[in-house]
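K.L.:
Before we start, here is the structure in question, set down as structure tokens.
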Amino acid sequence: MSELTHLTISQARAKLRGKEITAAEITEAYLSAIERANPVLNAYIVVTGDKARDMAKASDAKLAKGEGGALEGIPLGIKDLFGTEGVHTQACSHVLDGFKPRYESTVTANLWADGAVMLGKLNMDEFAMGSSNETSYYGPVVNPWRRSRLDTVVMPTTHQGDGGFVSAGGTKTARTLDNAQLVPGGSSGGSASAVSAFLCAGATATDTGGSIRQPAAFTGTVGIKPTYGRCSRWGIVAFASSLDQAGPIARDVRDAAIMLKSMASVDAKDTTSVDRAVPDYEAAIGKPIKGMKVGIPREYRVDGMPEEIEALWQKGIVWLKDAGAEIVDISLPHTKYALPAYYIVAPAEASSNLARYDGVRYGLRVPGKDIVDMYEKTRAAGFGREVKRRIMIGTYVLSAGYYDAYYLQAQKVRNLIKRDFETVFAAGVDVILTPATPSAAFGIADEDMAADPVKMYLNDIFTVTVNMAGLPGIAVPAGLDAKGLPLGLQLIGRPFDEETLFQTAAVIEQAAGTFQPGKWW
Amino acid sequence: MSVDLQTVKRVARLARIAVSEEDAERMTGELNAILGFVEQLNEVDVSGVEPMTSVTPMEMKKRQDIVTDGNKAADIVANAPATEENFFLVPKVVE
């Protein structure tokens with residue numbers, strides 16, 4: 001059964017339509033893979049086996065009649081941030097204890113309408129605040145990738161199935177896996193880990209400062225944050241409303257295109273969703289990029305960036321050039337201010353959005369001597385440290401006397417960041433190529449990151465500009481570092497030009513190949 | 001700018017989060033690290049720049065001012081920790 005879980009969405013789609021396999025079979029294969037792997041990886045916090053089987057049965061009935069939607073019978077994992085009717089939805093926070101919504105988010109409703117099957121809810125950083133999936137109330141997610149050492153061995157079969165690479169001749173270079181557990185990135189760490197470890201065909205995710213693209217880069221998967229307004233935010237637990245966007249994490253570029261097509265829609269329930277036809281993103285894959293203008297922003301060459309990241313970036317430039325693209329150096333002068341501006345805007349919006357968790361309408365309630373005492377005790381017990389930190393920062397920067405100095409200044413800087421991008425796009429640049437992250441995946445409970453919250457925030461240095469400007473960005477795996485860990489490149493596009501991102505990412509994928517972790521779990 | 005222990009306690013009160021003396025002390029250090037990091041925004045020349053109000057240029061959508069939803073009181077209170085006859089129960093607020 002395990003080979004069923006290794007099919008991409010496009011492969012599974014063809015086999016389901018061709019009646020070579022059934023939705024019930026592929027769903028069972030995933031459910032048993034989850035059962036084996038989840039005690040170790042902690043990617044799922046809830047598995048909805050009965051619901052998955054019911055949905056698969058309904059899909060099979062449709063497929064048998066030659067009917068069904070774009071994702072008919074495809075088993076997906078859903079980030080815990082998406083409201084799913086009658087199913088655990090807690091944004092991986094204790095404060096939403098026991099919450100089961102009486103409604104379905106628009107994005108997941110779109111997926112079910114297209115025939116997808118829900119396997120369960122995926123782990124994430126609490127309220128999507130984090131870059132390592134360690135702030136979850138349900139504990140950290142483990143990255144299926146581990147560091148490894150490259151050895152040359154004479155016996156060619158010793159390390160088979162251990163992530164080894166077979167080389168020509170009688171010897172073989174094999175990777176010996178290290179035991180240290182690594183983070184999958186965050187906040188969509190459960191989504192990235194599950195997709196990478198073959199525990200779902202694809203997953204929903206959300207991205208406020210890099211929460212789709214950074215975990216995708218850390219796990220060798222493809223993640224796209226579409227343009228602000230492309231997917232409806234209705235029914236998704238809000239973090240920072242002017243930055244939040246839903247998108248998919250998938251095993252290859254085509255699968256990400258298939259998923260985004262189903263997820264995106266205009267929605268009367270989210271007035272910021274955009275009334276624009278959703279293009280057939282898959283059709284962009286395979287189109288030549290000859291003559292395309294690719295911008296390389298000099299400000300993304302940051303101090304202390306590992307040489308391997310720089311080398312990867314140069315490789316990406318060569319691949320696109322070889323495919324006929326024109327490479328141009330560009331400048332985005334306000335890049336370095338994006339992260340500090342984000343750490344004012346996002347906490348400010350979060351402090352307002354999270355005011356609703358007061359122990360009255362849903363979730364946890366800790367009794368107090370009066371109503372204010374009840375609020376304070378409920379919120380003290382319900383929120384984790386990182387969430388409290390951000391609510392406190394947000395409350396402070398919005399408080400009387402500080403609003404102009406912090407919030408207003410940050411919103412002005414945000415306009416300058418957006419203007420930087422508008423200037424280069426107006427000069428004819430079609431797409432911008434950058435590294436996705438400043439490093440590969442790091443260890444769980446990394447001491448440096450735990451000691452200084454700002455160190456953790458720096459993970460999003462290359463991705464956060466895109467949210468601040470509302471643009472689409474895709475992370476695509478581009479290679480492995482010396483320790484055998486995946487690294488990703490990021491492409492940034494014009495507003496609502498996701499097609500160019502898929503088109504260009506497919507060229508990188510063609511050159512770099514796809515990457516799978518050696519199975520140790 | 002930096003915050004002192006008293007300010008942290010005041011902000012925690014505004015945010016309705018109970019903090020112990022120990023929490024407040026730890027938070028003071030953490031918040032100052034973050035405020036120190038965002039300080040660099042002051043070096044940006046923003047003269048003549050409007051603060052961003054919408055990341056994508058869009059006109060506010062309008063609809064008819066009519067009731068389109070409702071009659072689901074049971075759904076609304078379904079997840080509340082304490083209810084009575086479709087009302088949320090809270091500790092006494094008026095003496």
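By convention here, the chains of the structure tokens are called A, B, ... in the order presented, each chain's residues are numbered starting at 1, and ligands are numbered starting at 1 in the order presented.
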Set the cut-off to 6 Å and count only C-alpha atoms: what are the residues of chain A that reach chain B? Output as a ChimeraX atom specification.

P.N.:
/A:340,361-362,370-371,376-377,379-380,411-412,415,470

K.L.:
Take the residues that were just selected and, keeping C-alpha atoms, output them as a short mmCIF file (atom, residue, chain, number, x, y, z; two decimals), in the first residue's frame.

P.N.:
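What ended up in result_29.cif:
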```cif
data_model
loop_
_atom_site.label_atom_id
_atom_site.label_comp_id
_atom_site.auth_asym_id
_atom_site.auth_seq_id
_atom_site.Cartn_x
_atom_site.Cartn_y
_atom_site.Cartn_z
CA PRO A 340 10.98 45.26 12.20
CA ARG A 361 -18.21 32.54 23.93
CA TYR A 362 -15.95 29.55 23.35
CA ASP A 370 -15.21 38.94 39.08
CA ILE A 371 -15.46 39.18 35.31
CA GLU A 376 -7.21 37.65 33.04
CA LYS A 377 -6.94 34.15 34.48
CA ARG A 379 -6.04 34.35 29.04
CA ALA A 380 -3.04 33.70 31.33
CA GLN A 411 2.51 51.47 8.25
CA LYS A 412 4.40 54.23 6.42
CA ASN A 415 4.10 51.59 1.94
CA GLY A 470 0.61 41.64 -0.38
#
```

K.L.:
Which of chain B counts as strand (DSSP E) under DSSP, as a list in words please?

P.N.:
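Reading the DSSP output for chain B, strand (DSSP E) covers Thr83, Glu84, Phe87 and Phe88 of chain B.
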
K.L.:
Contacts of Ala201 of chain A at 9 Å or less, counting only C-alpha atoms, minus same-chain residues fewer than 3 places along, as a VMD selection string?

P.N.:
chain A and resid 5 to 9 12 30 74 to 77 194 to 195 198 250 to 251 255

K.L.:
Show me, as a list in words, the residues that have an atom within 8 Å of Pro101 of chain A when counting only C-alpha atoms, minus same-chain residues fewer than 5 positions from it.

P.N.:
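After dropping sequence-adjacent residues, the list is Gly83, Thr84, Glu85, Gly86, Val87, His88 and Thr89 of chain A; Asn79 of chain B.
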
K.L.:
Report, in Å to a single decimal, how far apart atom CA of Glu509 of chain A and atom CA of Asp151 of chain A are.

P.N.:
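The value is 26.5 Å.
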
K.L.:
Quick one: residues within 9 Å of Val141 of chain A, only C-alpha atoms, excluding same-chain residues fewer than 2 positions away - as a CSV table (one decimal) with N, CA, C and O atoms, in the first residue's frame?

P.N.:
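Output (selection_9.csv):
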```csv
chain,number,residue,atom,x,y,z
A,40,VAL,N,5.7,9.5,16.2
A,40,VAL,CA,7.1,10.0,16.1
A,40,VAL,C,7.1,11.4,15.6
A,40,VAL,O,7.8,12.3,16.1
A,41,LEU,N,6.4,11.7,14.5
A,41,LEU,CA,6.5,13.0,13.9
A,41,LEU,C,5.5,14.1,14.5
A,41,LEU,O,5.8,15.3,14.4
A,42,ASN,N,4.4,13.6,15.1
A,42,ASN,CA,3.5,14.6,15.7
A,42,ASN,C,2.9,15.6,14.7
A,42,ASN,O,2.7,16.7,15.1
A,43,ALA,N,2.7,15.2,13.5
A,43,ALA,CA,2.3,16.1,12.5
A,43,ALA,C,0.7,16.4,12.6
A,43,ALA,O,0.2,17.5,12.4
A,44,TYR,N,0.0,15.3,12.9
A,44,TYR,CA,-1.4,15.4,13.0
A,44,TYR,C,-1.8,15.5,14.5
A,44,TYR,O,-1.2,14.8,15.3
A,123,ASN,N,-0.9,19.9,13.0
A,123,ASN,CA,-0.2,20.6,14.1
A,123,ASN,C,0.4,21.9,13.5
A,123,ASN,O,0.6,22.0,12.3
A,124,MET,N,0.6,22.9,14.3
A,124,MET,CA,1.0,24.2,13.9
A,124,MET,C,1.5,25.0,15.1
A,124,MET,O,1.2,24.6,16.2
A,132,SER,N,9.1,27.5,14.0
A,132,SER,CA,9.7,26.2,14.2
A,132,SER,C,8.6,25.2,14.7
A,132,SER,O,9.0,24.0,14.9
A,133,ASN,N,7.4,25.5,14.8
A,133,ASN,CA,6.3,24.7,15.2
A,133,ASN,C,6.6,24.1,16.7
A,133,ASN,O,6.2,23.0,17.0
A,134,GLU,N,7.3,25.0,17.5
A,134,GLU,CA,7.5,24.6,18.8
A,134,GLU,C,6.6,25.3,19.8
A,134,GLU,O,6.6,25.0,21.0
A,136,SER,N,3.3,25.2,19.6
A,136,SER,CA,2.0,24.5,19.7
A,136,SER,C,1.7,24.0,21.1
A,136,SER,O,2.6,23.4,21.7
A,138,TYR,N,0.2,21.4,21.5
A,138,TYR,CA,0.3,19.9,21.3
A,138,TYR,C,1.7,19.4,21.1
A,138,TYR,O,1.9,18.3,20.6
A,139,GLY,N,2.7,20.2,21.4
A,139,GLY,CA,4.1,19.8,21.3
A,139,GLY,C,4.6,20.0,19.9
A,139,GLY,O,3.9,20.3,19.0
A,143,ASN,N,10.7,17.2,12.0
A,143,ASN,CA,11.0,17.2,10.5
A,143,ASN,C,11.3,15.8,10.1
A,143,ASN,O,12.2,15.1,10.8
A,182,LEU,N,15.0,17.6,14.1
A,182,LEU,CA,15.0,18.9,13.6
A,182,LEU,C,13.6,19.5,13.5
A,182,LEU,O,12.6,18.7,13.4
A,183,VAL,N,13.5,20.8,13.6
A,183,VAL,CA,12.2,21.4,13.4
A,183,VAL,C,11.8,21.3,11.9
A,183,VAL,O,12.7,21.4,11.1
A,184,PRO,N,10.5,21.3,11.6
A,184,PRO,CA,10.0,21.4,10.2
A,184,PRO,C,9.8,22.8,9.8
A,184,PRO,O,9.4,23.1,8.7
A,185,GLY,N,10.1,23.8,10.6
A,185,GLY,CA,9.8,25.2,10.4
A,185,GLY,C,8.4,25.5,10.8
A,185,GLY,O,7.7,24.6,11.3
A,189,GLY,N,4.1,23.8,10.3
A,189,GLY,CA,5.1,22.7,10.4
A,189,GLY,C,4.4,21.4,10.2
A,189,GLY,O,5.0,20.5,9.7
A,190,GLY,N,3.2,21.2,10.8
A,190,GLY,CA,2.5,19.9,10.6
A,190,GLY,C,2.2,19.7,9.1
A,190,GLY,O,2.4,18.6,8.7
A,193,SER,N,5.6,18.8,7.4
A,193,SER,CA,6.1,17.5,7.8
A,193,SER,C,5.2,16.4,7.2
A,193,SER,O,5.7,15.4,6.7
A,444,ILE,N,15.4,20.9,17.3
A,444,ILE,CA,14.4,21.2,18.2
A,444,ILE,C,15.0,21.7,19.5
A,444,ILE,O,16.0,21.2,19.9
```

K.L.:
Rounded to one decimal, what separation in Å do you get between atom CA of Asp430 of chain A and atom CA of Gly324 of chain A?

P.N.:
13.5 Å

K.L.:
Atom CA of Ile417 of chain A to atom CA of Ser331 of chain A: how many Å, to one decimal?

P.N.:
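Straight-line distance from atom CA of Ile417 of chain A to atom CA of Ser331 of chain A works out to 11.3 Å.
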
K.L.:
So that I can see what lies close to segment 115-122 of chain A, please list as a PyMOL selection string the residues with an atom at most 7 Å from it, counting only C-alpha atoms and leaving out residues fewer than 2 positions away in the same chain.

P.N.:
chain A and resi 43-49+52+55-56+59+68-80+111-113+124+190-191

K.L.:
Looking at only C-alpha atoms, which of A:Ile317, A:Leu243, A:Ile285, A:Leu364 is the one that sits closest to Gln90 of chain A?

P.N.:
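That would be A:Leu364, the residue with the smallest distance to Gln90 of chain A.
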